[in-house]
Amino acid sequence: MSMRNFLVSFLLILSFHGLAQKLSISFEGGYQHKLATAKKWDGKPATDQFGNSGLGLINYSLGQGMIAGTEIMYRLNPNWQVGLGVNYLIGSKMEFWIGDTFQSKMLRLIPQANFRINHNKVSPFFSSGFIVGFGQIISSRDYGDIVSKRSKGLSFGFKNSFGVDIQTNTRINFFIKTDIYTQSYGPKQSEKIVWGKDFDLLPSKTVSEIFVDYVDSIGENEIQDPNKPSKALRRFYPFSSIGVNLGLVIRMFGQ
Amino acid sequence: MKWIIVLSLALWYSSICFGQKVSISIEGGYQLKSALSSPRTTWELNSDGSNEIYKFSFGEGILLGTTIMYHLKPNWQIGLKANYILSNLENAPASSDYKSEMFRFIPQTKFYWRKGKWSAFGSIGLIVGRGKFKQSYQRFDVNTSSGIKDIYRVNEYTGGFSFGVNNSIGIEYEANSKINWYLMLDNYTQSYGPRQREILQYEVDGIDRLEDISESGRIQKYEDFLTWEELSITATDNKEIRIFYPYSSLGLSLGITIPLIKESKR
């Protein structure tokens, strides 16, 4: 993964210039709740408060779920820091029909700037960053009989955080913050990874049945070749969220 | 819109009561789409027969707003922001136009960090929005019995509330004791699911044929829950499960703040 190379070279360049003492590294985790939702298809079977059965709205964002991440920040001055955040989202499984589910995963790289108001014990901060996301959406139909993976294509968005940093007498500080992600993702390819839970039908399927390329436009009379992926219009899925994250910062620089 | 007047009066009243600790801002800017989307309903057929997705957010457009803030501490304020965003979008290949309007009420909290005449700030708030949008489109409807017809239709989507989160960061400059200037990066994370769609205009080959559609047939209701009876083809009301449209955006706004506060400690 080029991300690791990037991180390593980033660190190397900085330490080469003898600046590593201005670096800090943090680890964090939390839960993000859906925000700026969309609806999924035409709803799923549900019952209302009077016991009537029918279809209910599925209001969702695939950004909802657990997040774990790390940030490496370089201190420009006591108030400003710039750096890179990397985090991983394991989306909550969402049932969109009986036996049919959606689950997202996303690796996010977030170049960001952080502004800190320094106080003795508790220092408020806010940060903003640009998200480059590598996502995938696993959709499982009929209790896992057909499973497909939507992936490829980059996802862009913004991350904004507000929080407080709690100082200790050691090199380690703790923080609590609210993270807001404003993001969507339009996968560029879908691949069937399971076709037949009990009897594997996948080998008997053609390339065009297994793979779908999601494109921005489709011509009027496109002829389907069974040896090539089929084409469908690209669709964007909501990945926005809001949540609370806890973490710790290890200062590599002296006070 | 009665409640807007009531709210404004309440705000002005509170500004008189707490005048010593209140500041008022006026701002304007432009927002660009973010967390864009392509809802299924906007997969429109192009006039040449090809299909194309339309990536948009109704959050894109001109933003005008005002804020009233109460100073809890010199560097900590709480208050209410109210703004209006006007979005005019065109999906040219599909001959469609969209015009969206959204009023937002944003209770928010704001922090300052001051250095001389310059200060940096950050704010976060919860959006309660009232929106509507109009969709106009032109289509060639091919029908075996009646041939090709040129259809022009205008739909208006209204009703319901929209929720979201707004956060901003910016810098403020104290020009003099009466006025501050500020520039901020303003981020909106929001979507909106209207409750109703109404056909406002329906023309066939340039002739108004709205009368051909019954009054009830012009209205489509959007619900969060529908029973199987309501969903059956024999149902008399036009009801569908609600669809959400993207309203997220990021943009720059420029504004002025008039502090009604006499601050001694800076």
# chains A, B, ... in the order shown; residues from 1 in each chain; ligands from 1
call {"tool": "select_by_dssp", "arguments": {"residues": "segment 13-257 of chain B", "states": "helix (DSSP H, G or I)", "output": "PDB file with N, CA, C and O atoms, in the first residue's frame"}}
result
ATOM      1  N   TYR B  13     -35.965  41.343  21.058  1.00  0.00           N
ATOM      2  CA  TYR B  13     -36.283  41.613  22.454  1.00  0.00           C
ATOM      3  C   TYR B  13     -35.115  41.181  23.346  1.00  0.00           C
ATOM      4  O   TYR B  13     -34.666  41.935  24.200  1.00  0.00           O
ATOM      5  N   SER B  14     -34.609  39.987  23.061  1.00  0.00           N
ATOM      6  CA  SER B  14     -33.508  39.496  23.885  1.00  0.00           C
ATOM      7  C   SER B  14     -32.256  40.344  23.684  1.00  0.00           C
ATOM      8  O   SER B  14     -31.473  40.537  24.607  1.00  0.00           O
ATOM      9  N   SER B  15     -32.107  40.881  22.463  1.00  0.00           N
ATOM     10  CA  SER B  15     -30.927  41.711  22.225  1.00  0.00           C
ATOM     11  C   SER B  15     -31.005  43.012  23.020  1.00  0.00           C
ATOM     12  O   SER B  15     -29.988  43.584  23.397  1.00  0.00           O
ATOM     13  N   ILE B  16     -32.239  43.460  23.265  1.00  0.00           N
ATOM     14  CA  ILE B  16     -32.400  44.678  24.081  1.00  0.00           C
ATOM     15  C   ILE B  16     -32.091  44.347  25.552  1.00  0.00           C
ATOM     16  O   ILE B  16     -31.332  45.031  26.209  1.00  0.00           O
ATOM     17  N   CYS B  17     -32.671  43.221  26.010  1.00  0.00           N
ATOM     18  CA  CYS B  17     -32.475  42.799  27.399  1.00  0.00           C
ATOM     19  C   CYS B  17     -31.004  42.537  27.716  1.00  0.00           C
ATOM     20  O   CYS B  17     -30.502  42.924  28.747  1.00  0.00           O
ATOM     21  N   GLY B  19     -28.476  43.433  25.835  1.00  0.00           N
ATOM     22  CA  GLY B  19     -27.732  44.270  24.900  1.00  0.00           C
ATOM     23  C   GLY B  19     -26.258  44.432  25.214  1.00  0.00           C
ATOM     24  O   GLY B  19     -25.443  44.575  24.316  1.00  0.00           O
ATOM     25  N   GLN B  20     -25.958  44.385  26.481  1.00  0.00           N
ATOM     26  CA  GLN B  20     -24.573  44.573  26.879  1.00  0.00           C
ATOM     27  C   GLN B  20     -23.680  43.400  26.463  1.00  0.00           C
ATOM     28  O   GLN B  20     -22.489  43.519  26.444  1.00  0.00           O
ATOM     29  N   LYS B  21     -24.303  42.302  26.204  1.00  0.00           N
ATOM     30  CA  LYS B  21     -23.484  41.112  25.960  1.00  0.00           C
ATOM     31  C   LYS B  21     -23.799  40.447  24.622  1.00  0.00           C
ATOM     32  O   LYS B  21     -23.602  39.254  24.453  1.00  0.00           O
ATOM     33  N   ARG B  40     -31.675   8.514  -7.491  1.00  0.00           N
ATOM     34  CA  ARG B  40     -32.177   7.730  -8.611  1.00  0.00           C
ATOM     35  C   ARG B  40     -33.105   8.536  -9.514  1.00  0.00           C
ATOM     36  O   ARG B  40     -33.132   8.341 -10.718  1.00  0.00           O
ATOM     37  N   THR B  41     -33.846   9.444  -8.893  1.00  0.00           N
ATOM     38  CA  THR B  41     -34.809  10.224  -9.671  1.00  0.00           C
ATOM     39  C   THR B  41     -34.132  11.184 -10.636  1.00  0.00           C
ATOM     40  O   THR B  41     -34.770  11.739 -11.502  1.00  0.00           O
ATOM     41  N   THR B  42     -32.836  11.444 -10.431  1.00  0.00           N
ATOM     42  CA  THR B  42     -32.177  12.380 -11.339  1.00  0.00           C
ATOM     43  C   THR B  42     -31.313  11.651 -12.366  1.00  0.00           C
ATOM     44  O   THR B  42     -30.512  12.257 -13.035  1.00  0.00           O
ATOM     45  N   ALA B  92     -28.016  20.233 -18.191  1.00  0.00           N
ATOM     46  CA  ALA B  92     -28.246  20.557 -19.609  1.00  0.00           C
ATOM     47  C   ALA B  92     -28.542  19.356 -20.510  1.00  0.00           C
ATOM     48  O   ALA B  92     -29.509  19.410 -21.267  1.00  0.00           O
ATOM     49  N   PRO B  93     -27.760  18.249 -20.426  1.00  0.00           N
ATOM     50  CA  PRO B  93     -28.038  17.132 -21.341  1.00  0.00           C
ATOM     51  C   PRO B  93     -29.447  16.571 -21.192  1.00  0.00           C
ATOM     52  O   PRO B  93     -30.008  16.023 -22.133  1.00  0.00           O
ATOM     53  N   ALA B  94     -30.022  16.705 -19.982  1.00  0.00           N
ATOM     54  CA  ALA B  94     -31.364  16.169 -19.747  1.00  0.00           C
ATOM     55  C   ALA B  94     -32.440  17.252 -19.826  1.00  0.00           C
ATOM     56  O   ALA B  94     -33.599  17.000 -19.495  1.00  0.00           O
ATOM     57  N   LEU B 210     -52.603  21.108 -17.912  1.00  0.00           N
ATOM     58  CA  LEU B 210     -52.653  20.830 -16.469  1.00  0.00           C
ATOM     59  C   LEU B 210     -54.041  20.367 -16.036  1.00  0.00           C
ATOM     60  O   LEU B 210     -54.194  19.527 -15.158  1.00  0.00           O
ATOM     61  N   GLU B 211     -55.074  20.922 -16.710  1.00  0.00           N
ATOM     62  CA  GLU B 211     -56.462  20.575 -16.381  1.00  0.00           C
ATOM     63  C   GLU B 211     -56.744  19.082 -16.607  1.00  0.00           C
ATOM     64  O   GLU B 211     -57.665  18.535 -16.006  1.00  0.00           O
ATOM     65  N   ASP B 212     -55.937  18.464 -17.465  1.00  0.00           N
ATOM     66  CA  ASP B 212     -56.135  17.030 -17.736  1.00  0.00           C
ATOM     67  C   ASP B 212     -55.791  16.156 -16.520  1.00  0.00           C
ATOM     68  O   ASP B 212     -56.216  15.011 -16.431  1.00  0.00           O
ATOM     69  N   SER B 216     -56.154  16.017  -7.261  1.00  0.00           N
ATOM     70  CA  SER B 216     -55.482  15.080  -6.365  1.00  0.00           C
ATOM     71  C   SER B 216     -54.332  14.373  -7.080  1.00  0.00           C
ATOM     72  O   SER B 216     -53.339  14.012  -6.465  1.00  0.00           O
ATOM     73  N   GLY B 217     -54.466  14.222  -8.390  1.00  0.00           N
ATOM     74  CA  GLY B 217     -53.425  13.571  -9.167  1.00  0.00           C
ATOM     75  C   GLY B 217     -52.162  14.407  -9.295  1.00  0.00           C
ATOM     76  O   GLY B 217     -51.102  13.904  -9.618  1.00  0.00           O
ATOM     77  N   ARG B 218     -52.285  15.715  -9.045  1.00  0.00           N
ATOM     78  CA  ARG B 218     -51.123  16.609  -9.145  1.00  0.00           C
ATOM     79  C   ARG B 218     -50.229  16.514  -7.921  1.00  0.00           C
ATOM     80  O   ARG B 218     -49.107  16.977  -7.909  1.00  0.00           O
ATOM     81  N   TRP B 228     -49.441  -1.759   3.275  1.00  0.00           N
ATOM     82  CA  TRP B 228     -49.532  -2.476   2.005  1.00  0.00           C
ATOM     83  C   TRP B 228     -50.733  -1.985   1.198  1.00  0.00           C
ATOM     84  O   TRP B 228     -50.670  -1.920  -0.026  1.00  0.00           O
ATOM     85  N   GLU B 229     -51.821  -1.602   1.907  1.00  0.00           N
ATOM     86  CA  GLU B 229     -53.017  -1.087   1.204  1.00  0.00           C
ATOM     87  C   GLU B 229     -52.673   0.204   0.465  1.00  0.00           C
ATOM     88  O   GLU B 229     -53.059   0.409  -0.676  1.00  0.00           O
ATOM     89  N   GLU B 230     -51.933   1.076   1.176  1.00  0.00           N
ATOM     90  CA  GLU B 230     -51.566   2.366   0.565  1.00  0.00           C
ATOM     91  C   GLU B 230     -50.620   2.183  -0.627  1.00  0.00           C
ATOM     92  O   GLU B 230     -50.545   3.033  -1.500  1.00  0.00           O
ATOM     93  N   LEU B 231     -49.882   1.081  -0.602  1.00  0.00           N
ATOM     94  CA  LEU B 231     -48.920   0.826  -1.667  1.00  0.00           C
ATOM     95  C   LEU B 231     -49.533   0.105  -2.870  1.00  0.00           C
ATOM     96  O   LEU B 231     -48.928   0.062  -3.938  1.00  0.00           O
TER      97      LEU B 231
END
call {"tool": "residues_around", "arguments": {"residues": "Val215 of chain A", "least_positions_apart": "3", "cutoff": "12 Å", "atoms": "only C-alpha atoms", "output": "PDB file with N, CA, C and O atoms, in the first residue's frame"}}
result
ATOM      1  N   LYS A 152     -13.319   0.464  -5.837  1.00  0.00           N
ATOM      2  CA  LYS A 152     -12.620   1.294  -6.833  1.00  0.00           C
ATOM      3  C   LYS A 152     -13.201   2.714  -6.849  1.00  0.00           C
ATOM      4  O   LYS A 152     -14.331   2.949  -6.454  1.00  0.00           O
ATOM      5  N   GLY A 153     -12.389   3.610  -7.356  1.00  0.00           N
ATOM      6  CA  GLY A 153     -12.811   5.007  -7.381  1.00  0.00           C
ATOM      7  C   GLY A 153     -12.507   5.654  -6.049  1.00  0.00           C
ATOM      8  O   GLY A 153     -12.607   5.011  -5.005  1.00  0.00           O
ATOM      9  N   GLY A 186     -18.898   7.202  -4.666  1.00  0.00           N
ATOM     10  CA  GLY A 186     -19.492   6.549  -5.839  1.00  0.00           C
ATOM     11  C   GLY A 186     -18.553   5.478  -6.363  1.00  0.00           C
ATOM     12  O   GLY A 186     -17.616   5.784  -7.094  1.00  0.00           O
ATOM     13  N   PRO A 187     -18.738   4.216  -5.940  1.00  0.00           N
ATOM     14  CA  PRO A 187     -17.845   3.135  -6.386  1.00  0.00           C
ATOM     15  C   PRO A 187     -17.838   3.041  -7.911  1.00  0.00           C
ATOM     16  O   PRO A 187     -18.829   3.382  -8.562  1.00  0.00           O
ATOM     17  N   LYS A 188     -16.700   2.573  -8.455  1.00  0.00           N
ATOM     18  CA  LYS A 188     -16.585   2.475  -9.912  1.00  0.00           C
ATOM     19  C   LYS A 188     -16.706   1.044 -10.420  1.00  0.00           C
ATOM     20  O   LYS A 188     -16.747   0.812 -11.607  1.00  0.00           O
ATOM     21  N   GLN A 189     -16.711   0.096  -9.489  1.00  0.00           N
ATOM     22  CA  GLN A 189     -16.850  -1.291  -9.929  1.00  0.00           C
ATOM     23  C   GLN A 189     -17.586  -2.143  -8.903  1.00  0.00           C
ATOM     24  O   GLN A 189     -17.492  -1.900  -7.699  1.00  0.00           O
ATOM     25  N   SER A 190     -18.308  -3.123  -9.399  1.00  0.00           N
ATOM     26  CA  SER A 190     -18.943  -4.097  -8.521  1.00  0.00           C
ATOM     27  C   SER A 190     -18.520  -5.477  -8.995  1.00  0.00           C
ATOM     28  O   SER A 190     -18.413  -5.729 -10.192  1.00  0.00           O
ATOM     29  N   VAL A 212     -19.471  -5.394 -12.839  1.00  0.00           N
ATOM     30  CA  VAL A 212     -20.199  -4.245 -13.373  1.00  0.00           C
ATOM     31  C   VAL A 212     -19.286  -3.029 -13.230  1.00  0.00           C
ATOM     32  O   VAL A 212     -18.758  -2.780 -12.148  1.00  0.00           O
ATOM     33  N   ILE A 218     -23.764   6.458 -20.236  1.00  0.00           N
ATOM     34  CA  ILE A 218     -23.894   5.270 -21.077  1.00  0.00           C
ATOM     35  C   ILE A 218     -24.492   5.720 -22.403  1.00  0.00           C
ATOM     36  O   ILE A 218     -25.478   6.454 -22.426  1.00  0.00           O
ATOM     37  N   GLY A 219     -23.880   5.298 -23.495  1.00  0.00           N
ATOM     38  CA  GLY A 219     -24.369   5.680 -24.814  1.00  0.00           C
ATOM     39  C   GLY A 219     -25.705   5.028 -25.135  1.00  0.00           C
ATOM     40  O   GLY A 219     -26.178   4.154 -24.406  1.00  0.00           O
ATOM     41  N   PRO A 229     -16.855  -6.555 -18.525  1.00  0.00           N
ATOM     42  CA  PRO A 229     -17.801  -6.160 -17.472  1.00  0.00           C
ATOM     43  C   PRO A 229     -18.996  -5.413 -18.064  1.00  0.00           C
ATOM     44  O   PRO A 229     -18.842  -4.694 -19.048  1.00  0.00           O
ATOM     45  N   SER A 230     -20.154  -5.622 -17.488  1.00  0.00           N
ATOM     46  CA  SER A 230     -21.316  -4.863 -17.947  1.00  0.00           C
ATOM     47  C   SER A 230     -21.224  -3.437 -17.408  1.00  0.00           C
ATOM     48  O   SER A 230     -20.427  -3.146 -16.518  1.00  0.00           O
ATOM     49  N   LYS A 231     -22.039  -2.556 -17.936  1.00  0.00           N
ATOM     50  CA  LYS A 231     -21.979  -1.148 -17.539  1.00  0.00           C
ATOM     51  C   LYS A 231     -23.278  -0.715 -16.880  1.00  0.00           C
ATOM     52  O   LYS A 231     -24.365  -1.102 -17.323  1.00  0.00           O
ATOM     53  N   ALA A 232     -23.142   0.114 -15.840  1.00  0.00           N
ATOM     54  CA  ALA A 232     -24.316   0.698 -15.202  1.00  0.00           C
ATOM     55  C   ALA A 232     -23.944   2.105 -14.771  1.00  0.00           C
ATOM     56  O   ALA A 232     -22.756   2.426 -14.659  1.00  0.00           O
ATOM     57  N   LEU A 233     -24.963   2.914 -14.537  1.00  0.00           N
ATOM     58  CA  LEU A 233     -24.681   4.286 -14.114  1.00  0.00           C
ATOM     59  C   LEU A 233     -24.153   4.297 -12.680  1.00  0.00           C
ATOM     60  O   LEU A 233     -24.616   3.541 -11.828  1.00  0.00           O
ATOM     61  N   ARG A 234     -23.170   5.164 -12.467  1.00  0.00           N
ATOM     62  CA  ARG A 234     -22.552   5.276 -11.153  1.00  0.00           C
ATOM     63  C   ARG A 234     -23.532   5.909 -10.178  1.00  0.00           C
ATOM     64  O   ARG A 234     -24.331   6.764 -10.555  1.00  0.00           O
ATOM     65  N   ARG A 235     -23.442   5.474  -8.946  1.00  0.00           N
ATOM     66  CA  ARG A 235     -24.346   5.984  -7.936  1.00  0.00           C
ATOM     67  C   ARG A 235     -23.519   6.399  -6.726  1.00  0.00           C
ATOM     68  O   ARG A 235     -22.563   5.715  -6.370  1.00  0.00           O
ATOM     69  N   PHE A 236     -23.906   7.495  -6.106  1.00  0.00           N
ATOM     70  CA  PHE A 236     -23.175   7.970  -4.934  1.00  0.00           C
ATOM     71  C   PHE A 236     -23.897   7.593  -3.653  1.00  0.00           C
ATOM     72  O   PHE A 236     -25.107   7.767  -3.557  1.00  0.00           O
TER      73      PHE A 236
ATOM     74  N   ASN B  51     -27.782   7.866 -21.370  1.00  0.00           N
ATOM     75  CA  ASN B  51     -28.029   8.072 -19.948  1.00  0.00           C
ATOM     76  C   ASN B  51     -26.800   8.647 -19.295  1.00  0.00           C
ATOM     77  O   ASN B  51     -25.684   8.280 -19.616  1.00  0.00           O
ATOM     78  N   GLU B  52     -26.999   9.520 -18.350  1.00  0.00           N
ATOM     79  CA  GLU B  52     -25.878  10.179 -17.696  1.00  0.00           C
ATOM     80  C   GLU B  52     -26.272  10.474 -16.261  1.00  0.00           C
ATOM     81  O   GLU B  52     -27.421  10.822 -15.998  1.00  0.00           O
ATOM     82  N   ILE B  53     -25.313  10.338 -15.336  1.00  0.00           N
ATOM     83  CA  ILE B  53     -25.669  10.698 -13.970  1.00  0.00           C
ATOM     84  C   ILE B  53     -25.483  12.197 -13.797  1.00  0.00           C
ATOM     85  O   ILE B  53     -24.704  12.836 -14.507  1.00  0.00           O
ATOM     86  N   TYR B  54     -26.188  12.737 -12.856  1.00  0.00           N
ATOM     87  CA  TYR B  54     -26.111  14.160 -12.571  1.00  0.00           C
ATOM     88  C   TYR B  54     -25.639  14.298 -11.129  1.00  0.00           C
ATOM     89  O   TYR B  54     -26.351  13.930 -10.205  1.00  0.00           O
TER      90      TYR B  54
END
call {"tool": "atom_distance", "arguments": {"atom1": "atom CA of Ser151 of chain A", "atom2": "atom CA of Ile241 of chain B"}}
result
28.0 Å
call {"tool": "atom_distance", "arguments": {"atom1": "atom CA of Gln201 of chain B", "atom2": "atom CA of Thr236 of chain B"}}
result
22.0 Å
call {"tool": "atom_distance", "arguments": {"atom1": "atom CA of Glu209 of chain A", "atom2": "atom CA of Tyr60 of chain A"}}
result
28.0 Å
call {"tool": "residues_around", "arguments": {"residues": "Arg171 of chain A", "least_positions_apart": "3", "cutoff": "8 Å", "atoms": "only C-alpha atoms", "output": "VMD selection string"}}
result
chain A and resid 168 250 to 252
call {"tool": "write_last_selection", "arguments": {"atoms": "C-alpha atoms", "output": "compact mmCIF listing (two decimals), in the first residue's frame"}}
result
# COMPACT_ATOMS: atom_id res chain seq x y z
CA THR A 168 -1.05 15.57 32.07
CA ILE A 250 2.19 11.43 22.49
CA ARG A 251 4.39 14.47 22.15
CA MET A 252 7.72 13.71 20.57
call {"tool": "closest_residue", "arguments": {"among": "A:Trp80, A:Tyr143, A:Trp195, A:Phe211", "to": "chain B", "atoms": "only C-alpha atoms"}}
result
A:Trp80
call {"tool": "closest_residue", "arguments": {"among": "B:Ile106, B:Ile243, B:Ile62, B:Ile179", "to": "chain A", "atoms": "only C-alpha atoms"}}
result
B:Ile243
call {"tool": "closest_residue", "arguments": {"among": "A:Asn77, A:Asn5, A:Ser61, A:Ser155", "to": "Ser240 of chain A", "atoms": "only C-alpha atoms"}}
result
A:Ser61
call {"tool": "select_by_dssp", "arguments": {"residues": "segment 84-263 of chain B", "states": "strand (DSSP E or B)", "output": "count of residues only"}}
result
128
call {"tool": "closest_residue", "arguments": {"among": "A:Ala113, A:Ile67, A:Ile176, A:Val8", "to": "chain B", "atoms": "only C-alpha atoms"}}
result
A:Ala113
call {"tool": "residues_around", "arguments": {"residues": "Thr47 of chain A", "least_positions_apart": "3", "cutoff": "12 Å", "atoms": "only C-alpha atoms", "output": "list in words"}}
result
Gly43, Lys44, Phe50, Gly51, Asn52, Ser53, Gly54, Leu55, Gly56 and Leu57 of chain A; Asp224, Phe225, Leu226, Thr227 and Trp228 of chain B
call {"tool": "closest_residue", "arguments": {"among": "A:Trp97, A:Gly85, A:Ile90, A:Leu107", "to": "Ser127 of chain A", "atoms": "only C-alpha atoms"}}
result
A:Gly85
call {"tool": "closest_residue", "arguments": {"among": "A:Ile131, A:Ala68, A:Leu7, A:Leu201", "to": "chain B", "atoms": "only C-alpha atoms"}}
result
A:Ile131
call {"tool": "residues_around", "arguments": {"residues": "segment 116-129 of chain B", "least_positions_apart": "2", "cutoff": "8 Å", "atoms": "only C-alpha atoms", "output": "PyMOL selection string"}}
result
(chain A and resi 126) or (chain B and resi 102-114+131+161-175+190)
